[in-house]
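The structure file run_27.csv is reproduced below (CSV, C-alpha atoms).
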```csv
chain,number,residue,atom,x,y,z
A,12,MET,CA,25.0,-39.8,-63.9
A,13,LYS,CA,22.2,-42.3,-63.3
A,14,THR,CA,20.7,-42.1,-59.9
A,15,ILE,CA,20.5,-45.2,-57.8
A,16,GLN,CA,17.1,-45.7,-56.2
A,17,LYS,CA,16.1,-47.7,-53.1
A,18,SER,CA,14.3,-50.9,-53.6
A,19,ALA,CA,10.6,-50.7,-54.2
A,20,LYS,CA,10.3,-53.3,-51.4
A,21,LEU,CA,11.0,-50.5,-48.9
A,22,ALA,CA,8.0,-48.5,-50.0
A,23,ASN,CA,5.8,-49.8,-47.1
A,24,VAL,CA,8.6,-50.2,-44.6
A,25,LEU,CA,8.4,-47.9,-41.5
A,26,TYR,CA,10.5,-48.0,-38.4
A,27,ASP,CA,10.0,-44.7,-36.7
A,28,VAL,CA,11.4,-46.1,-33.4
A,29,ARG,CA,14.7,-45.2,-35.2
A,30,GLY,CA,13.3,-42.8,-37.8
A,31,PRO,CA,13.3,-39.1,-38.7
A,32,ILE,CA,12.7,-37.9,-35.1
A,33,VAL,CA,15.8,-39.9,-34.0
A,34,ASP,CA,17.8,-38.4,-36.8
A,35,ALA,CA,16.8,-34.9,-35.6
A,36,ALA,CA,17.7,-35.8,-32.0
A,37,LYS,CA,21.1,-37.0,-33.1
A,38,GLN,CA,21.7,-33.7,-34.9
A,39,MET,CA,20.7,-31.8,-31.7
A,40,GLU,CA,23.0,-33.9,-29.6
A,41,ASP,CA,25.8,-33.1,-32.1
A,42,GLU,CA,25.1,-29.5,-31.4
A,43,GLY,CA,25.6,-30.1,-27.7
A,44,GLN,CA,22.0,-30.4,-26.5
A,45,LYS,CA,21.0,-33.2,-24.0
A,46,ILE,CA,18.1,-35.3,-25.1
A,47,ILE,CA,15.9,-37.4,-22.8
A,48,LYS,CA,15.1,-40.5,-24.8
A,49,LEU,CA,11.8,-42.1,-24.3
A,50,ASN,CA,11.7,-43.6,-27.7
A,51,ILE,CA,13.3,-47.1,-27.5
A,52,GLY,CA,13.4,-50.0,-25.0
A,53,ASN,CA,17.2,-50.1,-24.8
A,54,LEU,CA,17.8,-50.8,-21.1
A,55,ALA,CA,21.6,-50.5,-20.6
A,56,PRO,CA,21.9,-46.7,-21.2
A,57,PHE,CA,19.5,-46.3,-18.2
A,58,GLY,CA,21.5,-48.4,-15.8
A,59,PHE,CA,19.7,-51.7,-16.2
A,60,ASP,CA,22.8,-53.9,-16.5
A,61,ALA,CA,22.8,-57.5,-17.6
A,62,PRO,CA,23.3,-59.9,-14.7
A,63,GLU,CA,27.0,-60.3,-13.8
A,64,GLU,CA,26.9,-64.1,-14.1
A,65,ILE,CA,25.7,-63.8,-17.7
A,66,GLN,CA,28.6,-61.4,-18.5
A,67,GLN,CA,31.1,-63.8,-16.8
A,68,ASP,CA,29.8,-66.8,-18.8
A,69,MET,CA,30.3,-64.9,-22.0
A,70,ILE,CA,33.8,-63.8,-21.1
A,71,ARG,CA,34.9,-67.4,-20.0
A,72,ASN,CA,33.6,-68.8,-23.3
A,73,LEU,CA,35.1,-66.3,-25.6
A,74,PRO,CA,38.0,-68.6,-26.4
A,75,ASN,CA,35.4,-71.2,-27.7
A,76,SER,CA,33.5,-68.6,-29.7
A,77,ALA,CA,35.7,-67.9,-32.7
A,78,GLY,CA,34.2,-70.5,-35.0
A,79,TYR,CA,30.7,-70.8,-36.5
A,80,SER,CA,28.2,-72.7,-34.4
A,81,ASP,CA,25.6,-75.1,-35.7
A,82,SER,CA,23.2,-73.2,-37.9
A,83,LYS,CA,20.4,-73.7,-35.3
A,84,GLY,CA,22.7,-72.8,-32.4
A,85,ILE,CA,24.9,-74.4,-29.7
A,86,PHE,CA,23.6,-77.5,-28.0
A,87,ALA,CA,23.6,-76.2,-24.4
A,88,ALA,CA,21.7,-73.1,-25.2
A,89,ARG,CA,19.1,-74.9,-27.2
A,90,LYS,CA,18.7,-77.5,-24.4
A,91,ALA,CA,18.1,-74.7,-22.0
A,92,VAL,CA,15.4,-73.2,-24.2
A,93,MET,CA,13.8,-76.7,-24.6
A,94,HIS,CA,13.6,-77.0,-20.8
A,95,TYR,CA,12.2,-73.5,-20.6
A,96,THR,CA,9.4,-74.4,-23.1
A,97,GLN,CA,8.6,-77.5,-20.9
A,98,GLN,CA,8.3,-75.2,-17.9
A,99,GLN,CA,5.8,-73.1,-19.9
A,100,GLY,CA,3.7,-76.2,-20.7
A,101,ILE,CA,4.5,-76.3,-24.4
A,102,ALA,CA,4.3,-79.9,-25.5
A,103,GLY,CA,6.3,-81.9,-28.0
A,104,VAL,CA,9.2,-79.6,-28.5
A,105,THR,CA,12.6,-81.2,-29.4
A,106,LEU,CA,16.0,-79.7,-30.0
A,107,ASP,CA,15.3,-79.8,-33.7
A,108,ASP,CA,12.4,-77.4,-33.1
A,109,ILE,CA,14.6,-74.6,-31.6
A,110,TYR,CA,16.5,-72.0,-33.5
A,111,LEU,CA,18.9,-69.4,-32.0
A,112,GLY,CA,19.4,-66.1,-33.7
A,113,ASN,CA,20.8,-62.6,-33.4
A,114,GLY,CA,17.8,-61.4,-31.4
A,115,ALA,CA,14.2,-62.2,-32.0
A,116,SER,CA,14.1,-59.7,-34.9
A,117,GLU,CA,16.4,-61.8,-37.1
A,118,LEU,CA,14.3,-64.9,-36.5
A,119,ILE,CA,11.1,-63.1,-37.2
A,120,ALA,CA,12.4,-62.0,-40.6
A,121,MET,CA,13.7,-65.5,-41.3
A,122,ALA,CA,10.3,-67.1,-40.4
A,123,LEU,CA,8.4,-64.6,-42.6
A,124,ASN,CA,10.8,-65.0,-45.6
A,125,ALA,CA,10.3,-68.7,-45.4
A,126,LEU,CA,6.5,-68.4,-45.2
A,127,LEU,CA,5.3,-65.6,-47.5
A,128,ASP,CA,5.0,-65.4,-51.3
A,129,ASP,CA,4.2,-62.1,-53.1
A,130,GLY,CA,0.6,-61.1,-52.2
A,131,ASP,CA,0.3,-63.4,-49.2
A,132,GLU,CA,-1.3,-61.7,-46.2
A,133,LEU,CA,-0.3,-61.6,-42.5
A,134,LEU,CA,-2.6,-60.5,-39.7
A,135,VAL,CA,-0.7,-58.0,-37.5
A,136,PRO,CA,-2.0,-56.1,-34.5
A,137,ALA,CA,-2.6,-52.3,-34.6
A,138,PRO,CA,-0.8,-50.8,-32.9
A,139,ASP,CA,2.1,-53.1,-33.6
A,140,TYR,CA,5.7,-53.5,-33.0
A,141,PRO,CA,6.7,-52.0,-36.4
A,142,LEU,CA,9.3,-54.7,-37.2
A,143,TRP,CA,6.5,-57.1,-37.9
A,144,THR,CA,4.9,-54.9,-40.5
A,145,ALA,CA,8.2,-54.0,-42.1
A,146,ALA,CA,9.5,-57.6,-42.2
A,147,THR,CA,6.2,-58.7,-43.8
A,148,SER,CA,6.5,-56.1,-46.5
A,149,LEU,CA,10.2,-57.0,-47.1
A,150,SER,CA,9.2,-60.7,-47.5
A,151,GLY,CA,6.8,-59.8,-50.3
A,152,GLY,CA,3.7,-60.1,-48.1
A,153,LYS,CA,0.9,-57.7,-47.2
A,154,PRO,CA,0.5,-56.7,-43.6
A,155,VAL,CA,-3.2,-56.6,-42.7
A,156,HIS,CA,-3.7,-54.8,-39.4
A,157,TYR,CA,-6.4,-56.0,-37.0
A,158,ARG,CA,-7.7,-53.7,-34.3
A,159,CYS,CA,-6.8,-53.8,-30.6
A,160,ASN,CA,-9.5,-52.1,-28.6
A,161,GLU,CA,-8.3,-49.3,-26.3
A,162,ASP,CA,-11.6,-49.2,-24.5
A,163,ASN,CA,-11.1,-52.9,-23.7
A,164,GLY,CA,-7.6,-52.5,-22.3
A,165,TRP,CA,-6.0,-52.9,-25.8
A,166,MET,CA,-7.3,-56.4,-26.2
A,167,PRO,CA,-7.4,-57.8,-29.8
A,168,ASP,CA,-10.8,-57.6,-31.5
A,169,LEU,CA,-11.6,-61.2,-32.5
A,170,ASP,CA,-14.5,-60.2,-34.7
A,171,ASP,CA,-12.3,-57.7,-36.6
A,172,ILE,CA,-9.7,-60.5,-37.1
A,173,ARG,CA,-12.3,-62.8,-38.5
A,174,ARG,CA,-13.5,-60.1,-40.9
A,175,LYS,CA,-10.1,-59.6,-42.3
A,176,ILE,CA,-9.2,-63.2,-43.1
A,177,THR,CA,-9.1,-63.9,-46.8
A,178,PRO,CA,-7.9,-66.9,-49.0
A,179,GLN,CA,-4.5,-65.1,-49.0
A,180,THR,CA,-4.1,-65.0,-45.2
A,181,LYS,CA,-1.2,-67.2,-44.1
A,182,GLY,CA,-0.6,-66.3,-40.5
A,183,LEU,CA,-1.7,-64.4,-37.3
A,184,VAL,CA,0.8,-62.4,-35.2
A,185,VAL,CA,0.1,-62.1,-31.5
A,186,ILE,CA,2.3,-59.8,-29.4
A,187,ASN,CA,1.8,-60.7,-25.8
A,188,PRO,CA,2.8,-59.0,-23.5
A,189,ASN,CA,2.2,-56.2,-25.9
A,190,ASN,CA,4.6,-53.6,-27.3
A,191,PRO,CA,3.6,-50.7,-27.5
A,192,THR,CA,0.6,-50.8,-25.1
A,193,GLY,CA,1.8,-52.9,-22.2
A,194,ALA,CA,-1.3,-55.0,-22.4
A,195,LEU,CA,-1.4,-58.6,-21.1
A,196,TYR,CA,-3.9,-61.0,-22.7
A,197,SER,CA,-6.2,-63.4,-20.8
A,198,ASP,CA,-6.2,-67.1,-21.3
A,199,GLU,CA,-9.7,-66.8,-22.7
A,200,LEU,CA,-8.6,-64.3,-25.3
A,201,LEU,CA,-5.6,-66.4,-26.2
A,202,ARG,CA,-7.8,-69.5,-26.7
A,203,GLY,CA,-10.0,-67.4,-29.0
A,204,LEU,CA,-7.0,-66.5,-31.1
A,205,VAL,CA,-5.8,-70.1,-31.2
A,206,GLN,CA,-9.3,-71.2,-32.4
A,207,ILE,CA,-9.3,-68.6,-35.2
A,208,ALA,CA,-5.9,-70.0,-36.4
A,209,ARG,CA,-7.3,-73.5,-36.1
A,210,GLU,CA,-10.4,-72.8,-38.1
A,211,HIS,CA,-8.6,-71.1,-40.9
A,212,GLY,CA,-5.3,-73.1,-41.0
A,213,LEU,CA,-3.1,-70.1,-40.0
A,214,VAL,CA,0.4,-70.2,-38.6
A,215,LEU,CA,0.4,-68.6,-35.2
A,216,MET,CA,3.4,-66.3,-34.6
A,217,ALA,CA,3.7,-65.5,-30.9
A,218,ASP,CA,6.0,-62.6,-29.9
A,219,GLU,CA,6.6,-63.2,-26.2
A,220,VAL,CA,9.8,-61.2,-25.6
A,221,TYR,CA,8.3,-59.5,-22.5
A,222,ASP,CA,6.9,-62.7,-20.9
A,223,LYS,CA,8.8,-62.1,-17.6
A,224,VAL,CA,8.2,-58.3,-17.4
A,225,LEU,CA,4.9,-58.4,-15.5
A,226,TYR,CA,3.5,-56.3,-12.7
A,227,GLU,CA,1.2,-56.7,-9.7
A,228,GLY,CA,1.4,-60.5,-9.7
A,229,ALA,CA,0.2,-60.9,-13.3
A,230,THR,CA,1.0,-64.2,-15.0
A,231,HIS,CA,1.8,-64.9,-18.6
A,232,THR,CA,0.5,-67.9,-20.6
A,233,ALA,CA,2.6,-69.1,-23.5
A,234,MET,CA,0.5,-69.3,-26.6
A,235,GLY,CA,2.3,-72.6,-27.6
A,236,SER,CA,0.9,-74.2,-24.4
A,237,LEU,CA,-2.7,-73.9,-25.6
A,238,SER,CA,-2.7,-76.3,-28.4
A,239,THR,CA,-1.0,-79.3,-29.9
A,240,ASP,CA,-2.6,-79.1,-33.3
A,241,VAL,CA,-2.0,-75.4,-34.4
A,242,LEU,CA,1.4,-74.7,-35.8
A,243,THR,CA,2.9,-72.1,-33.5
A,244,LEU,CA,6.2,-70.2,-33.7
A,245,THR,CA,7.2,-68.5,-30.4
A,246,PHE,CA,9.8,-65.8,-30.4
A,247,ASN,CA,11.8,-64.7,-27.3
A,248,SER,CA,15.2,-63.3,-26.4
A,249,LEU,CA,17.5,-62.1,-23.6
A,250,SER,CA,17.1,-58.5,-24.6
A,251,LYS,CA,14.5,-57.3,-22.1
A,252,ALA,CA,14.1,-59.7,-19.1
A,253,TYR,CA,17.9,-60.0,-18.9
A,254,ARG,CA,18.8,-56.5,-20.0
A,255,ALA,CA,21.0,-57.8,-22.8
A,256,CYS,CA,19.8,-56.0,-25.9
A,257,GLY,CA,23.3,-55.7,-27.4
A,258,TYR,CA,24.2,-59.4,-26.9
A,259,ARG,CA,21.8,-60.2,-29.7
A,260,ALA,CA,20.7,-63.6,-28.4
A,261,GLY,CA,17.2,-64.8,-29.2
A,262,TRP,CA,15.3,-68.0,-30.0
A,263,MET,CA,12.4,-69.3,-32.0
A,264,VAL,CA,10.5,-72.5,-31.0
A,265,ILE,CA,8.2,-74.4,-33.3
A,266,SER,CA,5.4,-76.3,-31.7
A,267,GLY,CA,2.0,-77.8,-32.6
A,268,ASP,CA,1.3,-80.0,-35.6
A,269,LYS,CA,4.6,-80.0,-37.6
A,270,THR,CA,3.5,-82.7,-40.0
A,271,VAL,CA,1.5,-80.2,-42.0
A,272,ALA,CA,4.5,-77.8,-42.3
A,273,LYS,CA,7.3,-80.0,-43.5
A,274,GLU,CA,8.0,-77.8,-46.5
A,275,TYR,CA,7.8,-74.6,-44.5
A,276,ILE,CA,10.2,-76.0,-41.9
A,277,GLU,CA,12.5,-77.1,-44.7
A,278,GLY,CA,12.5,-73.5,-45.9
A,279,ILE,CA,13.3,-72.2,-42.4
A,280,ASN,CA,16.2,-74.7,-42.2
A,281,MET,CA,17.5,-73.5,-45.5
A,282,LEU,CA,17.6,-69.9,-44.4
A,283,ALA,CA,19.2,-70.9,-41.0
A,284,ASN,CA,21.9,-72.6,-42.9
A,285,MET,CA,22.5,-69.6,-45.1
A,286,LYS,CA,23.1,-67.3,-42.1
A,287,LEU,CA,25.8,-69.7,-40.8
A,288,GLY,CA,24.6,-69.5,-37.2
A,289,SER,CA,24.2,-66.6,-34.9
A,290,ASN,CA,26.5,-64.6,-32.5
A,291,VAL,CA,28.2,-67.3,-30.5
A,292,PRO,CA,29.2,-65.3,-27.3
A,293,GLY,CA,25.5,-64.3,-27.0
A,294,GLN,CA,24.4,-67.9,-27.3
A,295,TYR,CA,26.7,-68.9,-24.3
A,296,ALA,CA,24.7,-66.4,-22.2
A,297,ILE,CA,21.3,-68.2,-22.8
A,298,GLN,CA,21.8,-71.3,-20.5
A,299,THR,CA,23.0,-69.2,-17.6
A,300,ALA,CA,20.2,-66.7,-18.0
A,301,LEU,CA,17.3,-69.2,-18.2
A,302,GLY,CA,18.7,-71.4,-15.4
A,303,GLY,CA,20.1,-68.8,-13.1
A,304,TYR,CA,18.7,-66.3,-10.6
A,305,GLN,CA,15.8,-64.4,-12.2
A,306,SER,CA,16.8,-60.9,-11.2
A,307,ILE,CA,14.0,-59.4,-13.3
A,308,ASN,CA,11.7,-60.3,-10.3
A,309,ASP,CA,13.5,-57.7,-8.2
A,310,LEU,CA,12.8,-55.0,-10.7
A,311,ILE,CA,9.1,-55.7,-11.3
A,312,ARG,CA,8.0,-56.4,-7.7
A,313,GLU,CA,6.4,-53.7,-5.5
A,314,GLY,CA,9.1,-51.2,-4.7
A,315,GLY,CA,11.3,-52.5,-7.6
A,316,ARG,CA,12.7,-50.0,-10.0
A,317,LEU,CA,10.6,-50.9,-13.1
A,318,ARG,CA,7.4,-51.0,-11.0
A,319,ARG,CA,8.1,-47.6,-9.4
A,320,GLN,CA,8.9,-46.0,-12.8
A,321,ARG,CA,5.8,-47.5,-14.4
A,322,ASP,CA,3.6,-46.1,-11.6
A,323,LEU,CA,5.3,-42.7,-11.7
A,324,ALA,CA,5.1,-42.3,-15.5
A,325,TYR,CA,1.4,-43.3,-15.4
A,326,GLU,CA,0.6,-40.9,-12.6
A,327,LEU,CA,2.4,-38.0,-14.3
A,328,ILE,CA,1.1,-38.6,-17.9
A,329,THR,CA,-2.5,-39.0,-16.8
A,330,ALA,CA,-2.3,-35.8,-14.7
A,331,ILE,CA,-1.9,-33.7,-17.9
A,332,PRO,CA,-5.2,-32.3,-19.1
A,333,GLY,CA,-6.6,-34.2,-22.1
A,334,VAL,CA,-4.2,-37.1,-21.8
A,335,THR,CA,-5.6,-40.6,-21.0
A,336,CYS,CA,-3.8,-43.9,-20.8
A,337,VAL,CA,-4.5,-47.6,-20.2
A,338,LYS,CA,-2.2,-48.6,-17.3
A,339,PRO,CA,0.2,-51.2,-18.6
A,340,LYS,CA,0.2,-54.6,-16.9
A,341,ALA,CA,3.5,-55.7,-18.5
A,342,ALA,CA,6.5,-54.7,-20.6
A,343,LEU,CA,8.3,-51.3,-20.6
A,344,TYR,CA,5.9,-49.0,-22.4
A,345,MET,CA,2.6,-47.2,-22.3
A,346,PHE,CA,0.5,-45.8,-25.2
A,347,PRO,CA,-1.3,-42.6,-24.1
A,348,ARG,CA,-4.0,-40.8,-26.0
A,349,LEU,CA,-4.3,-37.1,-26.7
A,350,ASP,CA,-7.9,-35.9,-26.6
A,351,PRO,CA,-8.7,-34.9,-30.3
A,352,VAL,CA,-10.9,-32.0,-29.1
A,353,MET,CA,-8.1,-30.5,-27.0
A,354,TYR,CA,-5.3,-31.6,-29.4
A,355,PRO,CA,-6.6,-31.6,-33.0
A,356,ILE,CA,-3.3,-32.9,-34.6
A,357,ALA,CA,-3.2,-33.2,-38.3
A,358,ASP,CA,0.3,-34.9,-38.6
A,359,ASP,CA,1.5,-36.8,-35.5
A,360,ARG,CA,5.1,-37.2,-36.8
A,361,GLN,CA,5.3,-33.4,-37.3
A,362,PHE,CA,3.7,-32.8,-33.9
A,363,PHE,CA,6.3,-35.0,-32.0
A,364,MET,CA,9.1,-33.5,-34.0
A,365,GLU,CA,7.9,-30.1,-32.6
A,366,VAL,CA,7.8,-31.7,-29.2
A,367,LEU,CA,11.4,-32.8,-29.6
A,368,ARG,CA,12.7,-29.4,-30.7
A,369,ALA,CA,10.8,-27.5,-28.0
A,370,THR,CA,11.4,-29.9,-25.0
A,371,ARG,CA,14.5,-32.0,-26.0
A,372,VAL,CA,12.3,-35.1,-25.1
A,373,MET,CA,12.2,-37.8,-27.7
A,374,LEU,CA,9.0,-39.8,-28.1
A,375,VAL,CA,7.5,-41.9,-30.9
A,376,GLN,CA,4.2,-41.0,-32.5
A,377,GLY,CA,1.4,-43.6,-32.7
A,378,SER,CA,1.5,-43.8,-36.5
A,379,GLY,CA,5.0,-45.1,-36.0
A,380,PHE,CA,3.3,-48.2,-34.6
A,381,ASN,CA,0.9,-48.4,-37.6
A,382,TYR,CA,-2.0,-47.1,-35.5
A,383,PRO,CA,-4.5,-45.2,-37.7
A,384,ASP,CA,-4.9,-41.9,-35.9
A,385,ASN,CA,-2.8,-38.9,-34.9
A,386,GLN,CA,-3.7,-39.0,-31.2
A,387,HIS,CA,-1.4,-41.6,-29.6
A,388,PHE,CA,2.3,-41.9,-28.7
A,389,ARG,CA,4.5,-44.4,-26.9
A,390,ILE,CA,6.4,-43.6,-23.7
A,391,VAL,CA,9.3,-45.8,-22.6
A,392,PHE,CA,9.5,-45.6,-18.8
A,393,LEU,CA,13.2,-46.7,-18.4
A,394,PRO,CA,14.8,-43.4,-17.3
A,395,HIS,CA,15.4,-42.8,-13.6
A,396,GLU,CA,12.6,-41.2,-11.7
A,397,ASP,CA,14.1,-37.7,-11.7
A,398,ASP,CA,14.5,-37.9,-15.5
A,399,LEU,CA,11.0,-39.1,-15.9
A,400,ARG,CA,9.7,-36.2,-13.8
A,401,GLU,CA,11.7,-33.8,-15.9
A,402,ALA,CA,10.7,-35.3,-19.3
A,403,ILE,CA,7.0,-35.5,-18.6
A,404,GLY,CA,7.0,-32.1,-16.9
A,405,ARG,CA,8.5,-30.6,-20.1
A,406,LEU,CA,5.9,-32.4,-22.2
A,407,ALA,CA,3.1,-31.1,-19.9
A,408,LYS,CA,4.4,-27.5,-20.3
A,409,PHE,CA,4.6,-27.9,-24.0
A,410,LEU,CA,1.0,-29.2,-24.2
A,411,GLU,CA,-0.2,-26.4,-22.0
A,412,GLN,CA,1.4,-23.9,-24.4
A,413,TRP,CA,0.1,-25.7,-27.4
A,414,ARG,CA,-3.5,-25.6,-26.1
A,415,ALA,CA,-3.1,-21.9,-25.4
A,416,ARG,CA,-1.8,-21.2,-29.0
A,417,HIS,CA,-4.6,-23.2,-30.5
A,418,GLY,CA,-7.4,-22.0,-28.2
A,419,THR,CA,-8.3,-25.5,-27.0
```

In structure tokens, write the structure found in this file.
Amino acid sequence: MKTIQKSAKLANVLYDVRGPIVDAAKQMEDEGQKIIKLNIGNLAPFGFDAPEEIQQDMIRNLPNSAGYSDSKGIFAARKAVMHYTQQQGIAGVTLDDIYLGNGASELIAMALNALLDDGDELLVPAPDYPLWTAATSLSGGKPVHYRCNEDNGWMPDLDDIRRKITPQTKGLVVINPNNPTGALYSDELLRGLVQIAREHGLVLMADEVYDKVLYEGATHTAMGSLSTDVLTLTFNSLSKAYRACGYRAGWMVISGDKTVAKEYIEGINMLANMKLGSNVPGQYAIQTALGGYQSINDLIREGGRLRRQRDLAYELITAIPGVTCVKPKAALYMFPRLDPVMYPIADDRQFFMEVLRATRVMLVQGSGFNYPDNQHFRIVFLPHEDDLREAIGRLAKFLEQWRARHGT
């Protein structure tokens, strides 16, 4: 019998946030073992519930949700997103510039499919949120990773970006606040990124899903607010700030000079029409979320749960010999480094598979975020404080035993 192969388009697709280590963890759970999951920013399983008023709005509108919506989304939700962009200082956005989707991930894939031809290049940060690299490859493009400098708080290296621009480069991806590092970019840096896009005619793609998950009074500047001439696509959703990952409600906003992108926008509209609109109950949550009480502020303030858990995770992880970490200013993650002298790791996926089997703690290795070494990993600090202490304590003990075995 002829075997059926997977598409060659998947050859460069990696999504280890839900990869082999997750498969191994599921098998262990099926065997009755309890796994502490520090691998994915899924808030609800850790008791971060979506605001009740959002839930009630969805319930009340279920009778109106059985039919397809407009391909760009329902009017009230798009109007709410438009008002939100105005609050952010993004100029010139109309209802026609707003697209709703089943989370930001669907809209990212749609935007890249409309933009990239085979061989086109897209500048993506390293480390990255791996969906960007995967979606670029699936669209026929080539992801080109630019360096974010750990020694400079994980800020993008503007000179490295400039060196990697070629005639095939079509766009520049900026993830701010950053997943997986928790970095938050300064206005000066953002203006530098805008200027690079301006000089080279690149589409700016701003992933701003964590724009409200900020610590210690930090503020976020929307990239679309920094120019009126550079075509900018901004992606956001209810998943993180409103703890509504499963509601699959996100949006994309097109700003800047749209006159140079008429064909591109036509392609986006074509793909939006093909998907027939997104999840309607989730769309009904958007207006209430953006216009209602911002309960995320209670979680990120001093003494708030997210703030406490970030501080605890950072304290515990940096207390382990040979482990350093840039303290995150935003988002739900940190990206620690294992000293290569103390931990000479040849294969980080294999190493963190060993961590899982020995400790029942699930983490994602740095190469899962397209980072070119074997020394990093991402921690999600969503579990309750007792679970964080337990998980990082198990990791610390494993690393102590690993050092003893390897004489480091």

Problem set entry | Length of the CA of Thr230 in chain A to CA of Thr96 in chain A vector [Å] | 15.5 Å

Could you build a table of the residues in range 236-355 of chain A lying no more than 12 Å from range 176-192 of chain A, giving for each the nearest pair of atoms and their separation in Å rounded to one decimal place, using all atoms listed in the file, ordered by chain and ascending residue number, as a tab-separated table?
```
residue	atom	partner	partner_atom	distance
A:Val241	CA	A:Gly182	CA	11.0
A:Leu242	CA	A:Gly182	CA	9.8
A:Thr243	CA	A:Leu183	CA	9.7
A:Leu244	CA	A:Val184	CA	9.6
A:Thr245	CA	A:Val185	CA	9.6
A:Phe246	CA	A:Ile186	CA	9.7
A:Asn247	CA	A:Asn187	CA	10.9
A:Lys251	CA	A:Asn190	CA	11.8
A:Tyr275	CA	A:Lys181	CA	11.7
A:Cys336	CA	A:Thr192	CA	9.2
A:Val337	CA	A:Thr192	CA	7.8
A:Lys338	CA	A:Thr192	CA	8.6
A:Pro339	CA	A:Thr192	CA	6.5
A:Lys340	CA	A:Pro188	CA	8.3
A:Ala341	CA	A:Pro188	CA	6.0
A:Ala342	CA	A:Pro188	CA	6.4
A:Leu343	CA	A:Asn190	CA	8.0
A:Tyr344	CA	A:Pro191	CA	5.8
A:Met345	CA	A:Thr192	CA	5.0
A:Phe346	CA	A:Thr192	CA	5.0
A:Pro347	CA	A:Thr192	CA	8.5
A:Arg348	CA	A:Thr192	CA	11.0
```

Problem set entry | Pairwise distance for CA of Glu210 in chain A and CA of Glu117 in chain A, rounded to one decimal in Å | 29.0 Å

Exercise. How far is it from CA of Pro141 in chain A to CA of Ser378 in chain A, in Å with one decimal?
Worked result: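 Here the two named atoms are 9.7 Å from each other.
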
Exercise. A:Ala296, A:Gln376, A:Ala146, A:Ala324: which is nearest Leu21 in chain A, counting only C-alpha atoms?
Worked result: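 Counting only C-alpha atoms, the residue closest to Leu21 in chain A is A:Ala146.
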
Show me, as a tab-separated table, the residues of range 200-302 of chain A having an atom within 9 Å of range 118-121 of chain A, each with the closest atom pair and its distance in Å, using all atoms listed in the file.
```
residue	atom	partner	partner_atom	distance
A:Met216	CA	A:Ile119	CA	8.7
A:Asp218	CA	A:Ile119	CA	8.9
A:Phe246	CA	A:Ile119	CA	7.4
A:Gly261	CA	A:Leu118	CA	7.9
A:Trp262	CA	A:Leu118	CA	7.3
A:Met263	CA	A:Leu118	CA	6.6
A:Ile279	CA	A:Met121	CA	6.8
A:Leu282	CA	A:Met121	CA	6.6
A:Ala283	CA	A:Met121	CA	7.7
```

Test item: residues at most 10 Å from Ala145 in chain A, only C-alpha atoms, excluding those fewer than 2 positions along its chain, as a short mmCIF file (atom, residue, chain, number, x, y, z; two decimals) with C-alpha atoms, in the coordinates of the input:
```cif
data_model
loop_
_atom_site.label_atom_id
_atom_site.label_comp_id
_atom_site.auth_asym_id
_atom_site.auth_seq_id
_atom_site.Cartn_x
_atom_site.Cartn_y
_atom_site.Cartn_z
CA LYS A 20 10.30 -53.30 -51.40
CA LEU A 21 11.00 -50.50 -48.90
CA ALA A 22 8.00 -48.50 -50.00
CA ASN A 23 5.80 -49.80 -47.10
CA VAL A 24 8.60 -50.20 -44.60
CA LEU A 25 8.40 -47.90 -41.50
CA TYR A 26 10.50 -48.00 -38.40
CA ALA A 120 12.40 -62.00 -40.60
CA TYR A 140 5.70 -53.50 -33.00
CA PRO A 141 6.70 -52.00 -36.40
CA LEU A 142 9.30 -54.70 -37.20
CA TRP A 143 6.50 -57.10 -37.90
CA THR A 147 6.20 -58.70 -43.80
CA SER A 148 6.50 -56.10 -46.50
CA LEU A 149 10.20 -57.00 -47.10
CA SER A 150 9.20 -60.70 -47.50
CA GLY A 152 3.70 -60.10 -48.10
CA LYS A 153 0.90 -57.70 -47.20
CA PRO A 154 0.50 -56.70 -43.60
#
```

Exercise. Can you tell me, as a PyMOL selection string, what residues are no more than 12 Å from range 84-94 of chain A when counting only C-alpha atoms, ignoring any on the same chain fewer than 2 positions away?
Worked result: chain A and resi 75-76+78-82+96-113+245-249+260-266+280+283-284+286-303

Exercise. Nearest to Gly418 in chain A among A:Pro355, A:Gly30, A:Gly58, A:Gly228, with distances taken over all atoms listed in the file: which residue is it?
Worked result: A:Pro355

Problem set entry | Shell around Ile46 in chain A at 7 Å using all atoms listed in the file, local window under 3 positions removed, as a ChimeraX atom specification | /A:36,40,371-373

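Residue nearest Gln412 in chain A within the list A:Cys159, A:Met353, A:Ile65, A:Met166: A:Met353 [criterion: smallest interatomic distance, only C-alpha atoms].
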
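For the choices A:Ile356, A:Leu327, A:Ala125, A:Val214, the atom-to-atom distance to Met281 in chain A is smallest for A:Ala125 when using all atoms listed in the file.
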
Problem set entry | Selected residue of minimal separation from Pro136 in chain A among A:Ser250, A:Asn160, A:Asn385, A:Thr232, counting only C-alpha atoms |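 Once distances to Pro136 in chain A are computed over only C-alpha atoms, the minimum belongs to A:Asn160.
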
For this session: For range 304-316 of chain A, please output as a ChimeraX atom specification all residues within 10 Å (counting all atoms listed in the file; exclusion window: fewer than 5 positions along the same chain).
Result: /A:59,61-62,64,223-228,251-254,299,321,341-342,393,395-396

Problem set entry | Nearest-residue call for Asp268 in chain A, choices A:Met285, A:Val135, A:Lys83, A:Arg209, using all atoms listed in the file | A:Arg209
